[in-house]
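Trainee: For reference, the file run_1.pdb (PDB, C-alpha atoms) is included below:
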```pdb
MODEL        1
ATOM      1  CA  MET L   1     -93.961 133.835  50.459
ATOM      2  CA  THR L   2     -90.693 134.825  48.881
ATOM      3  CA  ILE L   3     -91.041 138.397  50.016
ATOM      4  CA  MET L   4     -91.741 137.422  53.640
ATOM      5  CA  LEU L   5     -88.710 135.188  54.033
ATOM      6  CA  ASP L   6     -86.477 137.694  52.354
ATOM      7  CA  ASP L   7     -87.742 140.415  54.584
ATOM      8  CA  GLN L   8     -87.111 138.276  57.671
ATOM      9  CA  ALA L   9     -83.567 137.552  56.612
ATOM     10  CA  ARG L  10     -82.923 141.198  55.954
ATOM     11  CA  LEU L  11     -84.414 142.217  59.251
ATOM     12  CA  ALA L  12     -82.332 139.630  61.134
ATOM     13  CA  THR L  13     -79.141 140.737  59.451
ATOM     14  CA  GLY L  14     -79.880 144.375  60.173
ATOM     15  CA  ALA L  15     -80.614 143.659  63.787
ATOM     16  CA  ILE L  16     -77.340 141.841  64.146
ATOM     17  CA  HIS L  17     -75.502 144.691  62.505
ATOM     18  CA  ASP L  18     -77.178 147.315  64.683
ATOM     19  CA  SER L  19     -76.612 145.391  67.913
ATOM     20  CA  VAL L  20     -72.975 144.816  67.204
ATOM     21  CA  ALA L  21     -72.307 148.330  65.916
ATOM     22  CA  ALA L  22     -74.103 149.958  68.828
ATOM     23  CA  TYR L  23     -72.186 148.026  71.433
ATOM     24  CA  GLU L  24     -69.563 150.090  73.161
ATOM     25  CA  PRO L  25     -68.110 148.655  76.306
ATOM     26  CA  ALA L  26     -68.369 151.146  79.108
ATOM     27  CA  ALA L  27     -65.468 149.707  80.938
ATOM     28  CA  PRO L  28     -62.846 147.028  80.374
ATOM     29  CA  MET L  29     -64.443 143.669  80.639
ATOM     30  CA  PRO L  30     -62.952 140.752  82.299
ATOM     31  CA  VAL L  31     -61.457 138.116  80.114
ATOM     32  CA  LEU L  32     -64.318 135.683  80.626
ATOM     33  CA  VAL L  33     -66.977 138.323  79.735
ATOM     34  CA  ARG L  34     -65.160 139.329  76.552
ATOM     35  CA  ARG L  35     -64.939 135.720  75.516
ATOM     36  CA  ALA L  36     -68.705 135.276  76.043
ATOM     37  CA  ALA L  37     -69.480 138.379  73.912
ATOM     38  CA  VAL L  38     -67.339 137.122  71.047
ATOM     39  CA  ARG L  39     -69.050 133.738  71.139
ATOM     40  CA  GLN L  40     -72.491 135.436  71.046
ATOM     41  CA  GLY L  41     -71.494 137.541  68.033
ATOM     42  CA  VAL L  42     -70.301 134.488  66.153
ATOM     43  CA  GLN L  43     -73.599 132.734  66.875
ATOM     44  CA  TRP L  44     -75.570 135.691  65.504
ATOM     45  CA  THR L  45     -73.459 135.808  62.331
ATOM     46  CA  MET L  46     -73.930 132.087  61.658
ATOM     47  CA  GLY L  47     -77.699 132.517  62.141
ATOM     48  CA  ALA L  48     -77.842 135.357  59.628
ATOM     49  CA  ILE L  49     -75.904 133.335  57.041
ATOM     50  CA  ALA L  50     -78.251 130.386  57.536
ATOM     51  CA  ALA L  51     -81.308 132.637  57.077
ATOM     52  CA  ALA L  52     -79.930 134.129  53.856
ATOM     53  CA  ALA L  53     -79.223 130.669  52.472
ATOM     54  CA  PHE L  54     -82.749 129.573  53.284
ATOM     55  CA  VAL L  55     -84.260 132.623  51.485
ATOM     56  CA  ALA L  56     -82.169 131.935  48.380
ATOM     57  CA  MET L  57     -83.293 128.319  48.317
ATOM     58  CA  VAL L  58     -86.983 129.280  48.614
ATOM     59  CA  ALA L  59     -86.648 131.889  45.833
ATOM     60  CA  PHE L  60     -85.080 129.276  43.563
ATOM     61  CA  VAL L  61     -87.865 126.780  44.241
ATOM     62  CA  PHE L  62     -90.692 129.177  43.592
ATOM     63  CA  ALA L  63     -89.202 131.055  40.556
ATOM     64  CA  PRO L  64     -91.291 130.628  37.272
ATOM     65  CA  SER L  65     -89.887 128.134  34.801
ATOM     66  CA  PRO L  66     -89.055 129.664  31.371
ATOM     67  CA  HIS L  67     -90.588 126.635  29.619
ATOM     68  CA  THR L  68     -93.956 126.857  31.290
ATOM     69  CA  ASP L  69     -96.535 128.590  29.186
ATOM     70  CA  VAL L  70     -98.568 130.026  31.954
ATOM     71  CA  THR L  71    -100.041 133.462  32.031
ATOM     72  CA  ASP L  72     -98.796 135.240  35.102
ATOM     73  CA  THR L  73    -101.558 137.402  36.425
ATOM     74  CA  THR L  74     -99.724 138.250  39.646
ATOM     75  CA  THR L  75     -98.721 141.811  40.089
ATOM     76  CA  PRO L  76     -94.941 141.962  39.715
ATOM     77  CA  VAL L  77     -93.046 142.750  42.839
ATOM     78  CA  THR L  78     -89.691 144.371  42.733
ATOM     79  CA  VAL L  79     -87.170 142.836  45.099
ATOM     80  CA  THR L  80     -84.368 145.102  46.034
ATOM     81  CA  SER L  81     -81.141 143.428  47.104
ATOM     82  CA  LEU L  82     -79.781 144.544  50.391
ATOM     83  CA  PRO L  83     -76.346 146.002  50.391
ATOM     84  CA  PRO L  84     -73.705 143.691  51.843
ATOM     85  CA  THR L  85     -73.481 144.039  55.552
ATOM     86  CA  THR L  86     -70.090 144.186  57.128
ATOM     87  CA  ILE L  87     -69.883 143.362  60.791
ATOM     88  CA  PRO L  88     -67.136 145.448  62.252
ATOM     89  CA  ALA L  89     -64.595 143.546  64.375
ATOM     90  CA  THR L  90     -64.891 144.176  68.053
ATOM     91  CA  THR L  91     -61.817 145.845  69.396
ATOM     92  CA  VAL L  92     -60.646 144.277  72.620
ATOM     93  CA  PRO L  93     -58.756 146.680  74.870
ATOM     94  CA  ASP L  94     -55.226 145.758  75.657
ATOM     95  CA  GLU L  95     -55.719 144.433  79.128
ATOM     96  CA  PRO L  96     -53.632 141.973  81.040
ATOM     97  CA  VAL L  97     -54.942 138.500  80.735
ATOM     98  CA  LEU L  98     -55.979 137.139  84.099
ATOM     99  CA  ARG L  99     -54.039 134.034  84.968
ATOM    100  CA  VAL L 100     -55.509 131.612  87.421
ATOM    101  CA  ASP L 101     -52.766 129.444  88.885
ATOM    102  CA  PRO L 102     -53.639 126.201  90.667
ATOM    103  CA  PRO L 103     -53.352 126.431  94.424
ATOM    104  CA  PRO L 104     -49.895 125.452  95.700
ATOM    105  CA  VAL L 105     -49.535 121.956  97.042
ATOM    106  CA  PRO L 106     -48.813 122.258 100.779
ATOM    107  CA  ALA L 107     -45.499 120.848 101.867
ATOM    108  CA  ALA L 108     -45.661 117.732 103.939
ATOM    109  CA  SER L 109     -45.398 118.451 107.622
ATOM    110  CA  PRO L 110     -42.357 116.912 109.331
ATOM    111  CA  SER L 111     -44.650 115.573 112.023
ATOM    112  CA  THR L 112     -46.716 113.632 109.464
ATOM    113  CA  THR L 113     -43.814 112.408 107.377
ATOM    114  CA  THR L 114     -42.408 109.108 108.481
ATOM    115  CA  THR L 115     -38.966 108.092 107.302
ATOM    116  CA  SER L 116     -38.040 104.521 108.064
ATOM    117  CA  THR L 117     -34.387 103.599 108.044
ATOM    118  CA  ILE L 118     -33.573  99.931 108.491
ATOM    119  CA  LEU L 119     -30.057  99.450 109.857
ATOM    120  CA  ALA L 120     -28.235  96.203 109.404
ATOM    121  CA  PRO L 121     -27.363  94.466 112.686
ATOM    122  CA  ASP L 122     -23.816  94.963 114.009
ATOM    123  CA  THR L 123     -21.992  91.649 113.742
ATOM    124  CA  THR L 124     -18.422  92.973 113.617
ATOM    125  CA  PRO L 125     -16.289  91.941 116.641
ATOM    126  CA  PRO L 126     -14.559  94.831 118.445
ATOM    127  CA  VAL L 127     -10.858  95.505 118.124
ATOM    128  CA  LEU L 128      -8.765  94.238 121.069
ATOM    129  CA  GLU L 129      -5.037  94.886 121.309
ATOM    130  CA  ILE L 130      -2.613  94.359 124.206
ATOM    131  CA  THR L 131      -0.001  97.113 123.977
ATOM    132  CA  SER L 132       1.810  96.499 127.290
ATOM    133  CA  PRO L 133       3.664  94.501 128.480
ATOM    134  CA  ALA L 134       5.363  92.716 125.615
ATOM    135  CA  PRO L 135       4.730  88.966 125.344
ATOM    136  CA  ASP L 136       6.999  86.793 127.525
ATOM    137  CA  SER L 137       8.141  89.749 129.633
ATOM    138  CA  HIS L 138       9.887  88.904 132.923
ATOM    139  CA  PHE L 139       9.041  90.633 136.202
ATOM    140  CA  GLU L 140      10.355  90.552 139.742
ATOM    141  CA  THR L 141       7.163  91.850 141.401
ATOM    142  CA  GLN L 142       3.802  90.131 141.539
ATOM    143  CA  ILE L 143       1.624  93.114 140.510
ATOM    144  CA  VAL L 144       1.783  93.808 136.743
ATOM    145  CA  THR L 145      -0.136  96.508 134.828
ATOM    146  CA  PHE L 146      -1.658  95.386 131.523
ATOM    147  CA  SER L 147      -2.953  97.937 128.992
ATOM    148  CA  GLY L 148      -4.275  98.064 125.441
ATOM    149  CA  ILE L 149      -6.828  99.454 122.974
ATOM    150  CA  THR L 150     -10.390  98.394 122.170
ATOM    151  CA  GLU L 151     -13.518  99.820 120.533
ATOM    152  CA  PRO L 152     -14.925 102.889 122.379
ATOM    153  CA  GLY L 153     -17.879 101.812 124.492
ATOM    154  CA  ALA L 154     -16.733  98.199 124.770
ATOM    155  CA  THR L 155     -15.920  96.419 128.046
ATOM    156  CA  VAL L 156     -12.742  94.435 128.750
ATOM    157  CA  VAL L 157     -12.636  91.596 131.300
ATOM    158  CA  ALA L 158      -9.530  89.682 132.404
ATOM    159  CA  GLY L 159      -9.720  86.089 133.523
ATOM    160  CA  GLY L 160     -13.514  86.129 133.159
ATOM    161  CA  LYS L 161     -14.097  88.195 136.314
ATOM    162  CA  PHE L 162     -11.736  91.189 136.580
ATOM    163  CA  ALA L 163     -13.028  94.276 134.730
ATOM    164  CA  ALA L 164     -10.523  96.698 133.232
ATOM    165  CA  ASP L 165     -10.876 100.487 133.247
ATOM    166  CA  VAL L 166     -11.857 101.562 129.694
ATOM    167  CA  GLY L 167     -11.520 105.230 128.697
ATOM    168  CA  GLY L 168     -13.568 107.220 126.198
ATOM    169  CA  GLU L 169     -11.069 106.529 123.409
ATOM    170  CA  GLY L 170     -11.118 102.777 124.052
ATOM    171  CA  ARG L 171      -7.825 102.654 125.980
ATOM    172  CA  TRP L 172      -7.928 100.187 128.886
ATOM    173  CA  THR L 173      -5.705  99.234 131.848
ATOM    174  CA  ILE L 174      -5.842  96.675 134.635
ATOM    175  CA  ASP L 175      -3.485  95.466 137.400
ATOM    176  CA  LEU L 176      -3.170  91.700 137.863
ATOM    177  CA  VAL L 177      -1.271  89.547 140.362
ATOM    178  CA  ILE L 178       1.105  86.957 138.881
ATOM    179  CA  PHE L 179       2.944  84.079 140.508
ATOM    180  CA  ALA L 180       6.367  82.473 140.225
ATOM    181  CA  GLY L 181       7.097  81.089 136.792
ATOM    182  CA  LYS L 182       4.997  81.465 133.631
ATOM    183  CA  ASN L 183       1.597  83.204 133.841
ATOM    184  CA  GLY L 184      -1.070  83.335 131.114
ATOM    185  CA  ALA L 185      -3.590  86.197 131.014
ATOM    186  CA  LYS L 186      -6.688  86.187 128.761
ATOM    187  CA  PHE L 187      -8.714  89.320 127.984
ATOM    188  CA  VAL L 188     -12.198  89.467 126.382
ATOM    189  CA  ALA L 189     -13.666  92.655 124.824
ATOM    190  CA  THR L 190     -17.458  92.911 124.340
ATOM    191  CA  ASP L 191     -19.028  95.749 122.332
ATOM    192  CA  GLU L 192     -22.495  97.264 122.807
ATOM    193  CA  ALA L 193     -24.014  94.827 120.271
ATOM    194  CA  GLY L 194     -22.685  91.807 122.203
ATOM    195  CA  ASN L 195     -19.887  90.910 119.791
ATOM    196  CA  GLU L 196     -16.734  89.547 121.486
ATOM    197  CA  THR L 197     -13.001  89.428 120.774
ATOM    198  CA  SER L 198     -10.353  87.725 122.934
ATOM    199  CA  ALA L 199      -6.596  88.170 123.256
ATOM    200  CA  SER L 200      -4.019  86.361 125.425
ATOM    201  CA  ILE L 201      -0.502  87.040 126.657
ATOM    202  CA  ALA L 202       2.122  85.160 128.716
ATOM    203  CA  VAL L 203       4.460  86.809 131.243
ATOM    204  CA  TRP L 204       6.964  85.491 133.783
ATOM    205  CA  LEU L 205       7.649  86.152 137.455
ATOM    206  CA  ASP L 206      11.314  85.577 138.291
ATOM    207  CA  VAL L 207      12.055  84.649 141.906
ATOM    208  CA  ALA L 208      15.205  83.411 143.654
ATOM    209  CA  GLU L 209      15.391  79.750 144.371
ATOM    210  CA  GLU L 210      13.905  79.049 147.713
ATOM    211  CA  ALA L 211      16.300  77.902 150.387
ATOM    212  CA  PRO L 212      15.661  74.421 151.642
ATOM    213  CA  PRO L 213      13.574  74.401 154.778
ATOM    214  CA  PRO L 214      15.614  74.223 157.994
ATOM    215  CA  LYS L 215      16.117  70.815 159.454
ATOM    216  CA  GLU L 216      13.970  70.109 162.370
ATOM    217  CA  GLU L 217      15.973  70.174 165.558
ATOM    218  CA  GLU L 218      16.087  66.841 167.252
ATOM    219  CA  PRO L 219      14.673  66.889 170.732
ATOM    220  CA  PRO L 220      17.360  66.892 173.417
ATOM    221  CA  PRO L 221      18.166  63.508 174.884
ATOM    222  CA  PRO L 222      16.690  62.831 178.252
ATOM    223  CA  PRO L 223      18.856  64.163 181.109
ATOM    224  CA  THR L 224      21.344  61.797 182.606
ATOM    225  CA  VAL L 225      21.283  63.663 185.942
ATOM    226  CA  GLU L 226      17.990  64.459 187.645
ATOM    227  CA  PHE L 227      17.420  68.080 188.666
ATOM    228  CA  SER L 228      17.536  68.927 192.351
ATOM    229  CA  ALA L 229      17.835  72.149 194.411
ATOM    230  CA  PHE L 230      18.430  72.991 198.066
ATOM    231  CA  ALA L 231      18.709  76.141 200.261
ATOM    232  CA  THR L 232      21.492  76.345 202.872
ATOM    233  CA  TYR L 233      19.995  78.755 205.442
ATOM    234  CA  GLY L 234      16.527  80.013 204.644
ATOM    235  CA  SER L 235      17.218  83.116 206.747
ATOM    236  CA  CYS L 236      20.045  85.494 207.549
ATOM    237  CA  SER L 237      20.898  88.327 210.020
ATOM    238  CA  LEU L 238      23.983  89.589 208.236
ATOM    239  CA  ASP L 239      24.189  92.822 206.307
ATOM    240  CA  PRO L 240      23.536  92.318 203.489
ATOM    241  CA  PRO L 241      21.576  89.087 203.940
ATOM    242  CA  TYR L 242      22.219  86.147 201.571
ATOM    243  CA  ASP L 243      21.679  82.410 201.086
ATOM    244  CA  ILE L 244      23.497  79.579 199.270
ATOM    245  CA  TYR L 245      21.589  77.297 196.839
ATOM    246  CA  TYR L 246      22.956  74.031 195.412
ATOM    247  CA  GLY L 247      21.852  70.839 193.734
ATOM    248  CA  THR L 248      22.197  68.732 190.579
ATOM    249  CA  ALA L 249      21.268  69.266 186.939
ATOM    250  CA  GLU L 250      22.206  68.118 183.471
ATOM    251  CA  PRO L 251      25.946  68.669 182.990
ATOM    252  CA  GLY L 252      26.565  71.977 181.200
ATOM    253  CA  SER L 253      22.981  73.160 181.636
ATOM    254  CA  LYS L 254      22.035  76.477 183.215
ATOM    255  CA  VAL L 255      20.286  76.876 186.575
ATOM    256  CA  THR L 256      18.518  80.172 187.428
ATOM    257  CA  ILE L 257      17.626  81.578 190.910
ATOM    258  CA  THR L 258      15.094  84.453 191.027
ATOM    259  CA  SER L 259      13.231  86.465 193.710
ATOM    260  CA  GLU L 260      11.700  89.860 194.332
ATOM    261  CA  TYR L 261      14.803  91.184 196.072
ATOM    262  CA  GLY L 262      17.708  89.333 194.394
ATOM    263  CA  SER L 263      18.618  86.759 191.688
ATOM    264  CA  GLY L 264      21.513  84.846 190.046
ATOM    265  CA  SER L 265      22.411  81.896 187.725
ATOM    266  CA  VAL L 266      25.009  79.075 187.493
ATOM    267  CA  THR L 267      26.083  76.321 185.060
ATOM    268  CA  ALA L 268      26.106  72.738 186.189
ATOM    269  CA  GLY L 269      29.522  71.137 186.136
ATOM    270  CA  ALA L 270      30.615  68.036 184.276
ATOM    271  CA  ASP L 271      29.433  65.907 187.159
ATOM    272  CA  GLY L 272      26.049  67.693 187.108
ATOM    273  CA  LYS L 273      26.576  69.492 190.423
ATOM    274  CA  TRP L 274      25.948  73.225 190.835
ATOM    275  CA  GLU L 275      26.042  75.830 193.687
ATOM    276  CA  LYS L 276      25.238  79.560 193.846
ATOM    277  CA  LYS L 277      25.308  82.301 196.503
ATOM    278  CA  VAL L 278      22.528  84.893 196.081
ATOM    279  CA  VAL L 279      22.551  88.241 197.964
ATOM    280  CA  PHE L 280      19.261  89.952 198.851
ATOM    281  CA  ALA L 281      20.557  93.478 199.479
ATOM    282  CA  SER L 282      17.149  95.179 199.321
ATOM    283  CA  ALA L 283      15.217  92.593 201.330
ATOM    284  CA  PRO L 284      13.181  94.129 204.195
ATOM    285  CA  TYR L 285      13.690  92.855 207.674
ATOM    286  CA  GLU L 286      11.294  90.411 209.308
ATOM    287  CA  GLU L 287       9.417  89.836 205.990
ATOM    288  CA  THR L 288       9.306  86.399 204.303
ATOM    289  CA  PHE L 289       9.480  86.180 200.489
ATOM    290  CA  VAL L 290       9.805  83.330 197.900
ATOM    291  CA  VAL L 291      12.929  82.316 195.979
ATOM    292  CA  THR L 292      12.520  80.104 192.812
ATOM    293  CA  VAL L 293      15.223  77.767 191.418
ATOM    294  CA  LYS L 294      14.737  76.452 187.834
ATOM    295  CA  ASP L 295      16.789  74.363 185.376
ATOM    296  CA  ALA L 296      16.930  74.435 181.533
ATOM    297  CA  THR L 297      14.126  71.867 181.136
ATOM    298  CA  GLY L 298      11.683  74.006 183.127
ATOM    299  CA  ALA L 299      11.792  71.939 186.259
ATOM    300  CA  LYS L 300      11.783  74.153 189.396
ATOM    301  CA  GLN L 301      11.575  74.347 193.163
ATOM    302  CA  HIS L 302      10.491  77.152 195.575
ATOM    303  CA  PHE L 303      12.091  78.267 198.863
ATOM    304  CA  GLU L 304      11.195  80.827 201.553
ATOM    305  CA  PHE L 305      13.696  83.362 202.878
ATOM    306  CA  ILE L 306      13.583  85.937 205.700
ATOM    307  CA  ALA L 307      16.142  88.595 206.694
ATOM    308  CA  TYR L 308      16.658  89.713 210.271
ATOM    309  CA  ALA L 309      18.160  92.915 211.524
ATOM    310  CA  PRO L 310      21.871  92.567 212.412
TER     311      PRO L 310
ENDMDL
END
```
Show me the file's structure as structure tokens.

Mentor:
Amino acid sequence: MTIMLDDQARLATGAIHDSVAAYEPAAPMPVLVRRAAVRQGVQWTMGAIAAAAFVAMVAFVFAPSPHTDVTDTTTPVTVTSLPPTTIPATTVPDEPVLRVDPPPVPAASPSTTTTSTILAPDTTPPVLEITSPAPDSHFETQIVTFSGITEPGATVVAGGKFAADVGGEGRWTIDLVIFAGKNGAKFVATDEAGNETSASIAVWLDVAEEAPPPKEEEPPPPPTVEFSAFATYGSCSLDPPYDIYYGTAEPGSKVTITSEYGSGSVTAGADGKWEKKVVFASAPYEETFVVTVKDATGAKQHFEFIAYAP
């Protein structure tokens, strides 16, 4: 029994030695393969050591005791110790160690990345400044140009209904009509968020004192002499033809005689009487025309006149 176990241990150790010594890598092995070969060699070595320990234990158990008086009739067997076996170290070629890096983490796509920015609401009123005219300025014309500065993008309204022209830099202007005396103008600026700012200014329109209205003229007193008119001839054969008109009218008033071919005027005397000779130099012969006599009040009379050939 002792010989069989010893032989098995020796055979196992020799097989390990031969397999390791005979191994010559034909080509550089990858890192993982070399690591597997080393692990296998270690396993074989540990197995050989365990087998040798087991053989030694069995030999100790079955060895004859020196105190036992027993005749040993068994043919002695000579056990030859095996020379120590040295397992040569496997030489690993100097090869670069393969490094397996983890795959790179892909960068987040801009289309899938959402950035939320919460802006605080705009509650700041816009700037509103009146730069022209100066407060309490005096003018002599009714149209006055007002101008100032506000926030770019804001609107400016005067008097609640007149919009000013606002430029890109926030400068605004507007023409307003003022009236005599003190005038107050209020402007309101509204920004894009709906915030408002107001500003006011007072200006004056200086005008000359108005003249008192003219006194109403009293109507003329009723005439003391009634208007009347008369024609002396009504016709004439002289060259040039003429006629004499006379009558009464208000003393000092004017009496007018008119026709298509001649006219004249006269002033009534202090007694209200008047008389006037009128020549019709261009009157055609044998053709009747009308002569009108009228006083200052509009009262009038009409007469016919005809010229005959001399």

Trainee: Quick one: residues within 9 Å of Val225 (chain L), all atoms listed in the file, excluding same-chain residues fewer than 4 positions away - as number ranges by chain?

Mentor: L: 248-251, 271-272

Trainee: What gap, in Å, lies between CA of Ser259 (chain L) and CA of Trp274 (chain L)?

Mentor: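 Taking CA of Ser259 (chain L) and CA of Trp274 (chain L), their separation equals 18.6 Å.
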
Trainee: How far is it from CA of Val166 (chain L) to CA of Pro125 (chain L), in Å with one decimal?

Mentor: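 Between CA of Val166 (chain L) and CA of Pro125 (chain L) the gap is 16.8 Å.
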
Trainee: Could you tell me how far CA of Ala199 (chain L) sits from CA of Ala134 (chain L), in Å to one decimal place?

Mentor: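 These two atoms are separated by 13.0 Å.
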
Trainee: Please evaluate the PyMOL selection byres ((chain L and resi 286) around 6) against the structure above and give the resulting residues as a ChimeraX atom specification.

Mentor: /L:285,287,307-308

Trainee: For this structure, which residues satisfy the selection - the PyMOL selection byres ((chain L and resi 278) around 8) - when it is evaluated on the file as given? I want them as a count of residues only.

Mentor: 12

Trainee: Please provide the set of residues having any atom within 8 Å of Arg171 (chain L), restricted to all atoms listed in the file, with same-chain residues fewer than 4 positions apart removed, written as a list in words.

Mentor: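 Everything that qualifies: Ser147, Gly148, Ile149, Thr150, Pro152, Val166 and Gly167 of chain L.
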
Trainee: Restricted to C-alpha atoms, what would the selected residues look like written as an mmCIF file, keeping the file's coordinate frame?

Mentor:
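This went into out36.cif:
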```cif
data_model
loop_
_atom_site.group_PDB
_atom_site.id
_atom_site.type_symbol
_atom_site.label_atom_id
_atom_site.label_comp_id
_atom_site.auth_asym_id
_atom_site.auth_seq_id
_atom_site.Cartn_x
_atom_site.Cartn_y
_atom_site.Cartn_z
ATOM 1 C CA SER L 147 -2.953 97.937 128.992
ATOM 2 C CA GLY L 148 -4.275 98.064 125.441
ATOM 3 C CA ILE L 149 -6.828 99.454 122.974
ATOM 4 C CA THR L 150 -10.390 98.394 122.170
ATOM 5 C CA PRO L 152 -14.925 102.889 122.379
ATOM 6 C CA VAL L 166 -11.857 101.562 129.694
ATOM 7 C CA GLY L 167 -11.520 105.230 128.697
#
```

Trainee: Produce the centre coordinates and the three edge lengths, each in Å to one decimal, of the box along x, y and z that contains all listed atoms of region 185-190 of chain L with 3 Å added on each side, as AutoDock Vina command-line options.

Mentor:
```
--center_x -10.5 --center_y 89.5 --center_z 127.7 --size_x 19.9 --size_y 12.7 --size_z 12.7
```

Trainee: For this structure, which residues satisfy the selection - the PyMOL selection byres ((chain L and resi 183) around 7) - when it is evaluated on the file as given? I want them as a ChimeraX atom specification.

Mentor: /L:178-179,181-182,184-185,202-204

Trainee: Name the closest residue to Glu196 (chain L) among the candidates L:Tyr233, L:Pro126, L:Ala180, L:Ala164; distances are taken between atoms, counting only C-alpha atoms.

Mentor: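 Comparing L:Tyr233, L:Pro126, L:Ala180, L:Ala164 against Glu196 (chain L), the winner is L:Pro126.
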